[in-house]
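Listing of query-v9.pdb, PDB, C-alpha atoms, pLDDT in the B column
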ATOM      1  CA  MET F  22     112.941  25.757 -69.613  1.00 61.00           C
ATOM      2  CA  LYS F  23     113.123  26.474 -73.300  1.00 64.00           C
ATOM      3  CA  ALA F  24     113.668  29.964 -74.558  1.00 67.00           C
ATOM      4  CA  ASN F  25     111.376  31.071 -77.347  1.00 79.00           C
ATOM      5  CA  ILE F  26     113.964  30.831 -80.129  1.00 82.00           C
ATOM      6  CA  SER F  27     114.030  29.294 -83.577  1.00 86.00           C
ATOM      7  CA  GLU F  28     114.504  25.557 -84.045  1.00 89.00           C
ATOM      8  CA  GLU F  29     117.645  26.323 -86.032  1.00 92.00           C
ATOM      9  CA  LEU F  30     119.227  28.044 -83.030  1.00 92.00           C
ATOM     10  CA  GLU F  31     118.114  25.243 -80.694  1.00 92.00           C
ATOM     11  CA  SER F  32     119.717  22.708 -83.013  1.00 94.00           C
ATOM     12  CA  ALA F  33     122.925  24.756 -83.206  1.00 95.00           C
ATOM     13  CA  ILE F  34     123.104  24.975 -79.403  1.00 95.00           C
ATOM     14  CA  HIS F  35     122.652  21.207 -79.141  1.00 95.00           C
ATOM     15  CA  ASP F  36     125.303  20.590 -81.810  1.00 96.00           C
ATOM     16  CA  LYS F  37     127.775  22.913 -80.066  1.00 96.00           C
ATOM     17  CA  ILE F  38     127.376  21.048 -76.786  1.00 96.00           C
ATOM     18  CA  ILE F  39     127.844  17.661 -78.459  1.00 96.00           C
ATOM     19  CA  ILE F  40     130.834  18.844 -80.507  1.00 96.00           C
ATOM     20  CA  ASP F  41     132.569  20.214 -77.389  1.00 96.00           C
ATOM     21  CA  LEU F  42     132.060  16.901 -75.603  1.00 95.00           C
ATOM     22  CA  ALA F  43     133.258  14.947 -78.649  1.00 95.00           C
ATOM     23  CA  ILE F  44     136.455  17.018 -78.815  1.00 96.00           C
ATOM     24  CA  ASN F  45     137.074  16.400 -75.122  1.00 95.00           C
ATOM     25  CA  TYR F  46     136.506  12.653 -75.641  1.00 95.00           C
ATOM     26  CA  LEU F  47     138.914  12.588 -78.602  1.00 94.00           C
ATOM     27  CA  GLU F  48     141.616  14.469 -76.697  1.00 95.00           C
ATOM     28  CA  ASN F  49     141.376  11.999 -73.814  1.00 94.00           C
ATOM     29  CA  ARG F  50     141.596   9.061 -76.238  1.00 93.00           C
ATOM     30  CA  ILE F  51     144.650  10.613 -77.947  1.00 94.00           C
ATOM     31  CA  VAL F  52     146.464  10.923 -74.619  1.00 94.00           C
ATOM     32  CA  LYS F  53     145.533   7.359 -73.680  1.00 93.00           C
ATOM     33  CA  SER F  54     146.660   5.927 -77.014  1.00 92.00           C
ATOM     34  CA  GLN F  55     149.967   7.809 -76.819  1.00 92.00           C
ATOM     35  CA  LYS F  56     150.609   6.372 -73.350  1.00 93.00           C
ATOM     36  CA  GLU F  57     149.900   2.899 -74.732  1.00 91.00           C
ATOM     37  CA  LYS F  58     152.337   3.557 -77.632  1.00 90.00           C
ATOM     38  CA  LYS F  59     149.613   3.292 -80.283  1.00 89.00           C
ATOM     39  CA  ILE F  60     151.058   6.072 -82.437  1.00 88.00           C
ATOM     40  CA  GLY F  61     149.110   5.226 -85.622  1.00 89.00           C
ATOM     41  CA  TYR F  62     145.812   5.246 -83.789  1.00 88.00           C
ATOM     42  CA  ALA F  63     146.738   8.516 -82.065  1.00 89.00           C
ATOM     43  CA  LYS F  64     147.443  10.131 -85.455  1.00 91.00           C
ATOM     44  CA  HIS F  65     144.086   8.898 -86.744  1.00 90.00           C
ATOM     45  CA  LEU F  66     142.343  10.396 -83.708  1.00 91.00           C
ATOM     46  CA  GLU F  67     144.178  13.689 -84.212  1.00 93.00           C
ATOM     47  CA  TYR F  68     142.917  13.818 -87.803  1.00 92.00           C
ATOM     48  CA  ILE F  69     139.349  13.233 -86.595  1.00 92.00           C
ATOM     49  CA  ARG F  70     139.802  15.913 -83.917  1.00 94.00           C
ATOM     50  CA  LYS F  71     140.897  18.417 -86.563  1.00 95.00           C
ATOM     51  CA  GLU F  72     137.774  17.679 -88.609  1.00 93.00           C
ATOM     52  CA  VAL F  73     135.509  18.104 -85.583  1.00 95.00           C
ATOM     53  CA  VAL F  74     137.294  21.307 -84.533  1.00 96.00           C
ATOM     54  CA  SER F  75     136.623  22.785 -87.974  1.00 96.00           C
ATOM     55  CA  GLU F  76     132.913  22.047 -87.430  1.00 95.00           C
ATOM     56  CA  ARG F  77     133.181  23.719 -84.019  1.00 96.00           C
ATOM     57  CA  ILE F  78     134.689  26.861 -85.562  1.00 97.00           C
ATOM     58  CA  ASN F  79     131.764  27.154 -87.972  1.00 96.00           C
ATOM     59  CA  ILE F  80     129.102  26.605 -85.337  1.00 97.00           C
ATOM     60  CA  ASN F  81     130.795  29.023 -82.904  1.00 96.00           C
ATOM     61  CA  LYS F  82     130.749  31.723 -85.581  1.00 97.00           C
ATOM     62  CA  TYR F  83     127.057  31.064 -86.273  1.00 96.00           C
ATOM     63  CA  LEU F  84     126.157  31.222 -82.576  1.00 95.00           C
ATOM     64  CA  ARG F  85     128.239  34.350 -81.989  1.00 95.00           C
ATOM     65  CA  ASP F  86     126.581  36.075 -84.963  1.00 95.00           C
ATOM     66  CA  ASN F  87     123.177  35.283 -83.446  1.00 93.00           C
ATOM     67  CA  GLY F  88     124.100  36.459 -79.938  1.00 92.00           C
ATOM     68  CA  VAL F  89     124.052  33.038 -78.258  1.00 94.00           C
ATOM     69  CA  LYS F  90     126.165  32.294 -75.201  1.00 94.00           C
ATOM     70  CA  ILE F  91     126.361  28.812 -73.685  1.00 95.00           C
ATOM     71  CA  TYR F  92     127.518  28.580 -70.083  1.00 95.00           C
ATOM     72  CA  ASP F  93     129.486  25.851 -68.320  1.00 93.00           C
ATOM     73  CA  PRO F  94     127.575  22.682 -67.442  1.00 93.00           C
ATOM     74  CA  ILE F  95     125.897  22.292 -64.077  1.00 90.00           C
ATOM     75  CA  PRO F  96     125.912  18.676 -62.819  1.00 86.00           C
ATOM     76  CA  ASP F  97     122.866  17.291 -61.055  1.00 84.00           C
ATOM     77  CA  GLU F  98     123.110  16.256 -57.398  1.00 84.00           C
ATOM     78  CA  ASP F  99     122.739  12.589 -58.365  1.00 83.00           C
ATOM     79  CA  LYS F 100     125.179  13.026 -61.278  1.00 83.00           C
ATOM     80  CA  ILE F 101     122.619  11.505 -63.628  1.00 91.00           C
ATOM     81  CA  PHE F 102     121.764  14.691 -65.489  1.00 93.00           C
ATOM     82  CA  VAL F 103     123.757  17.664 -66.749  1.00 94.00           C
ATOM     83  CA  GLN F 104     122.257  21.079 -67.427  1.00 94.00           C
ATOM     84  CA  TYR F 105     123.624  23.601 -69.917  1.00 94.00           C
ATOM     85  CA  ASP F 106     122.309  27.151 -69.496  1.00 94.00           C
ATOM     86  CA  TYR F 107     122.336  29.533 -72.435  1.00 94.00           C
ATOM     87  CA  SER F 108     121.237  33.036 -73.276  1.00 93.00           C
ATOM     88  CA  VAL F 109     120.279  34.614 -76.582  1.00 92.00           C
ATOM     89  CA  LYS F 110     120.620  38.332 -77.132  1.00 91.00           C
ATOM     90  CA  VAL F 111     117.480  39.751 -78.726  1.00 86.00           C
ATOM     91  CA  LYS F 112     116.179  43.215 -79.356  1.00 86.00           C
ATOM     92  CA  GLY F 113     115.322  44.633 -75.960  1.00 86.00           C
ATOM     93  CA  GLY F 114     117.164  42.136 -73.770  1.00 88.00           C
ATOM     94  CA  TYR F 115     118.041  38.479 -73.391  1.00 88.00           C
ATOM     95  CA  LYS F 116     116.167  35.214 -73.596  1.00 88.00           C
ATOM     96  CA  GLU F 117     117.468  32.581 -71.243  1.00 91.00           C
ATOM     97  CA  GLY F 118     116.939  28.863 -71.273  1.00 91.00           C
ATOM     98  CA  TYR F 119     118.629  25.577 -70.608  1.00 91.00           C
ATOM     99  CA  ASN F 120     119.069  22.128 -72.084  1.00 91.00           C
ATOM    100  CA  ARG F 121     119.090  19.259 -69.652  1.00 92.00           C
ATOM    101  CA  TYR F 122     120.706  15.994 -70.721  1.00 93.00           C
ATOM    102  CA  TRP F 123     120.857  12.516 -69.301  1.00 93.00           C
ATOM    103  CA  ARG F 124     124.552  11.520 -69.136  1.00 92.00           C
ATOM    104  CA  ALA F 125     123.952   8.211 -70.935  1.00 92.00           C
ATOM    105  CA  ALA F 126     122.165  10.075 -73.721  1.00 94.00           C
ATOM    106  CA  LEU F 127     125.149  12.407 -74.090  1.00 93.00           C
ATOM    107  CA  LYS F 128     127.415   9.404 -74.591  1.00 93.00           C
ATOM    108  CA  ASN F 129     125.064   8.156 -77.286  1.00 94.00           C
ATOM    109  CA  HIS F 130     125.036  11.580 -78.980  1.00 94.00           C
ATOM    110  CA  ILE F 131     128.844  11.621 -78.991  1.00 94.00           C
ATOM    111  CA  ARG F 132     128.950   8.107 -80.438  1.00 93.00           C
ATOM    112  CA  THR F 133     126.490   9.102 -83.153  1.00 93.00           C
ATOM    113  CA  LYS F 134     128.473  12.259 -83.933  1.00 93.00           C
ATOM    114  CA  LEU F 135     131.784  10.416 -84.287  1.00 91.00           C
ATOM    115  CA  GLU F 136     130.470   7.291 -86.001  1.00 91.00           C
ATOM    116  CA  PRO F 137     130.914   8.565 -89.600  1.00 88.00           C
ATOM    117  CA  TYR F 138     134.620   9.131 -88.938  1.00 84.00           C
ATOM    118  CA  PHE F 139     135.229   5.566 -87.755  1.00 79.00           C
ATOM    119  CA  VAL F 140     133.016   3.574 -90.139  1.00 71.00           C
ATOM    120  CA  LYS F 141     134.378   2.969 -93.603  1.00 57.00           C
ATOM    121  CA  SER F 142     132.053   3.019 -96.566  1.00 41.00           C
ATOM    122  CA  LYS F 143     131.466  -0.170 -98.574  1.00 43.00           C
ATOM    123  CA  ASP F 144     133.445   1.285-101.492  1.00 46.00           C
ATOM    124  CA  GLU F 145     136.535   1.746 -99.323  1.00 44.00           C
ATOM    125  CA  LEU F 146     136.385  -1.864 -98.160  1.00 38.00           C
ATOM    126  CA  LYS F 147     136.625  -3.284-101.708  1.00 39.00           C
TER
END
Final structure tokens representation of the file:
Amino acid sequence: MKANISEELESAIHDKIIIDLAINYLENRIVKSQKEKKIGYAKHLEYIRKEVVSERININKYLRDNGVKIYDPIPDEDKIFVQYDYSVKVKGGYKEGYNRYWRAALKNHIRTKLEPYFVKSKDELK
């Protein structure tokens, strides 16, 4: 169910969910690379995590200023889908809604979000 909110807020909610998952992914990769003694790669991942966290700070401020609260995910019984409930404070009450994601699509969103940090531009390769 979609709440009757602006597309800008819907996009911000989506971005917040993806950024949180991307940070979690990066933290897991940092731990794994440190266990495998890949210190250079771990430092690179930490730099990327800092960049993504700065994005998260900005989007959290925007959502807080607009009265948006995103709740913890609710997994589906089949573990194929994940549902994120949210509420938006408006004059006279709250509007509630949820975003439902396919787990494979979330992985693709994370990959798309992090891709610019891992791909070098053609100028850097010269």
Problem set entry | Minimum-distance residue to Ile95 of chain F, chosen among F:Ser108, F:Ile78, F:Lys71, F:Tyr122 (using all atoms listed in the file) | F:Tyr122
For this session: Please identify all polymer residues within 12 Å of Ala43 of chain F, counting all atoms listed in the file, omitting same-chain residues fewer than 5 positions from it, and present them as number ranges by chain.
Result: F: 36-38, 48-50, 66, 69-74, 76-77, 127-136, 138
Take the residues from that selection and put them in a file with C-alpha atoms, as a PDB file, in the frame of the given file.
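Dumped everything to part_0.pdb:
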ATOM      1  CA  ASP F  36     125.303  20.590 -81.810  1.00 96.00           C
ATOM      2  CA  LYS F  37     127.775  22.913 -80.066  1.00 96.00           C
ATOM      3  CA  ILE F  38     127.376  21.048 -76.786  1.00 96.00           C
ATOM      4  CA  GLU F  48     141.616  14.469 -76.697  1.00 95.00           C
ATOM      5  CA  ASN F  49     141.376  11.999 -73.814  1.00 94.00           C
ATOM      6  CA  ARG F  50     141.596   9.061 -76.238  1.00 93.00           C
ATOM      7  CA  LEU F  66     142.343  10.396 -83.708  1.00 91.00           C
ATOM      8  CA  ILE F  69     139.349  13.233 -86.595  1.00 92.00           C
ATOM      9  CA  ARG F  70     139.802  15.913 -83.917  1.00 94.00           C
ATOM     10  CA  LYS F  71     140.897  18.417 -86.563  1.00 95.00           C
ATOM     11  CA  GLU F  72     137.774  17.679 -88.609  1.00 93.00           C
ATOM     12  CA  VAL F  73     135.509  18.104 -85.583  1.00 95.00           C
ATOM     13  CA  VAL F  74     137.294  21.307 -84.533  1.00 96.00           C
ATOM     14  CA  GLU F  76     132.913  22.047 -87.430  1.00 95.00           C
ATOM     15  CA  ARG F  77     133.181  23.719 -84.019  1.00 96.00           C
ATOM     16  CA  LEU F 127     125.149  12.407 -74.090  1.00 93.00           C
ATOM     17  CA  LYS F 128     127.415   9.404 -74.591  1.00 93.00           C
ATOM     18  CA  ASN F 129     125.064   8.156 -77.286  1.00 94.00           C
ATOM     19  CA  HIS F 130     125.036  11.580 -78.980  1.00 94.00           C
ATOM     20  CA  ILE F 131     128.844  11.621 -78.991  1.00 94.00           C
ATOM     21  CA  ARG F 132     128.950   8.107 -80.438  1.00 93.00           C
ATOM     22  CA  THR F 133     126.490   9.102 -83.153  1.00 93.00           C
ATOM     23  CA  LYS F 134     128.473  12.259 -83.933  1.00 93.00           C
ATOM     24  CA  LEU F 135     131.784  10.416 -84.287  1.00 91.00           C
ATOM     25  CA  GLU F 136     130.470   7.291 -86.001  1.00 91.00           C
ATOM     26  CA  TYR F 138     134.620   9.131 -88.938  1.00 84.00           C
TER      27      TYR F 138
END
For this session: Would you kindly translate the PyMOL selection byres ((chain F and resi 51) around 10) into the concrete residues it picks from this file, as a PyMOL selection string?
Result: chain F and resi 45-50+52-57+59-60+62-67+70
Problem set entry | Within 7 Å of file point (124.6, 16.0, -67.3), counting only C-alpha atoms, expressed as JSON, numbers by chain | {"F": [96, 97, 100, 101, 102, 103, 104, 121, 122, 123, 124]}
Dump of C-alpha atoms for the selected residues, as a short mmCIF file (atom, residue, chain, number, x, y, z; two decimals), in the frame of the given file:
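Final output, saved to part21.cif:
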data_model
loop_
_atom_site.label_atom_id
_atom_site.label_comp_id
_atom_site.auth_asym_id
_atom_site.auth_seq_id
_atom_site.Cartn_x
_atom_site.Cartn_y
_atom_site.Cartn_z
CA PRO F 96 125.91 18.68 -62.82
CA ASP F 97 122.87 17.29 -61.06
CA LYS F 100 125.18 13.03 -61.28
CA ILE F 101 122.62 11.50 -63.63
CA PHE F 102 121.76 14.69 -65.49
CA VAL F 103 123.76 17.66 -66.75
CA GLN F 104 122.26 21.08 -67.43
CA ARG F 121 119.09 19.26 -69.65
CA TYR F 122 120.71 15.99 -70.72
CA TRP F 123 120.86 12.52 -69.30
CA ARG F 124 124.55 11.52 -69.14
#
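Take atom CA of Val89 of chain F and atom CA of Ile39 of chain F: the distance between them is 15.8 Å.
Atom CA of Tyr68 of chain F sits 11.5 Å away from atom CA of Ile44 of chain F.
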Exercise. If you measure from atom CA of Pro94 of chain F to atom CA of Gly114 of chain F, what distance in Å do you get, rounded to one decimal?
Worked result: 23.0 Å
For this session: Show which residues sit within 12 Å of Glu29 of chain F, as a ChimeraX atom specification. Count all atoms listed in the file, and ignore same-chain residues fewer than 3 positions away.
Result: /F:25-26,32-36,80,83-84,87
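In this comparison, which uses only C-alpha atoms, the residue of F:Ser75, F:Gly61, F:Ile91, F:Asn81 approaching Tyr119 of chain F most closely is F:Ile91.
In this comparison, which uses all atoms listed in the file, the residue of F:Leu30, F:Val140, F:Leu42, F:Ala126 approaching Arg85 of chain F most closely is F:Leu30.
Here, the PyMOL selection byres ((chain F and resi 116) around 12) matches Met22, Lys23, Ala24, Asn25, Ile26, Ser27, Gly88, Val89, Lys90, Asp106, Tyr107, Ser108, Val109, Lys110, Val111, Lys112, Gly113, Gly114, Tyr115, Glu117, Gly118 and Tyr119 of chain F.
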Please save C-alpha atoms of the selected residues as a PDB file, keeping the file's coordinate frame.
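Contents of the output file out-v1.pdb:
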ATOM      1  CA  MET F  22     112.941  25.757 -69.613  1.00 61.00           C
ATOM      2  CA  LYS F  23     113.123  26.474 -73.300  1.00 64.00           C
ATOM      3  CA  ALA F  24     113.668  29.964 -74.558  1.00 67.00           C
ATOM      4  CA  ASN F  25     111.376  31.071 -77.347  1.00 79.00           C
ATOM      5  CA  ILE F  26     113.964  30.831 -80.129  1.00 82.00           C
ATOM      6  CA  SER F  27     114.030  29.294 -83.577  1.00 86.00           C
ATOM      7  CA  GLY F  88     124.100  36.459 -79.938  1.00 92.00           C
ATOM      8  CA  VAL F  89     124.052  33.038 -78.258  1.00 94.00           C
ATOM      9  CA  LYS F  90     126.165  32.294 -75.201  1.00 94.00           C
ATOM     10  CA  ASP F 106     122.309  27.151 -69.496  1.00 94.00           C
ATOM     11  CA  TYR F 107     122.336  29.533 -72.435  1.00 94.00           C
ATOM     12  CA  SER F 108     121.237  33.036 -73.276  1.00 93.00           C
ATOM     13  CA  VAL F 109     120.279  34.614 -76.582  1.00 92.00           C
ATOM     14  CA  LYS F 110     120.620  38.332 -77.132  1.00 91.00           C
ATOM     15  CA  VAL F 111     117.480  39.751 -78.726  1.00 86.00           C
ATOM     16  CA  LYS F 112     116.179  43.215 -79.356  1.00 86.00           C
ATOM     17  CA  GLY F 113     115.322  44.633 -75.960  1.00 86.00           C
ATOM     18  CA  GLY F 114     117.164  42.136 -73.770  1.00 88.00           C
ATOM     19  CA  TYR F 115     118.041  38.479 -73.391  1.00 88.00           C
ATOM     20  CA  GLU F 117     117.468  32.581 -71.243  1.00 91.00           C
ATOM     21  CA  GLY F 118     116.939  28.863 -71.273  1.00 91.00           C
ATOM     22  CA  TYR F 119     118.629  25.577 -70.608  1.00 91.00           C
TER      23      TYR F 119
END
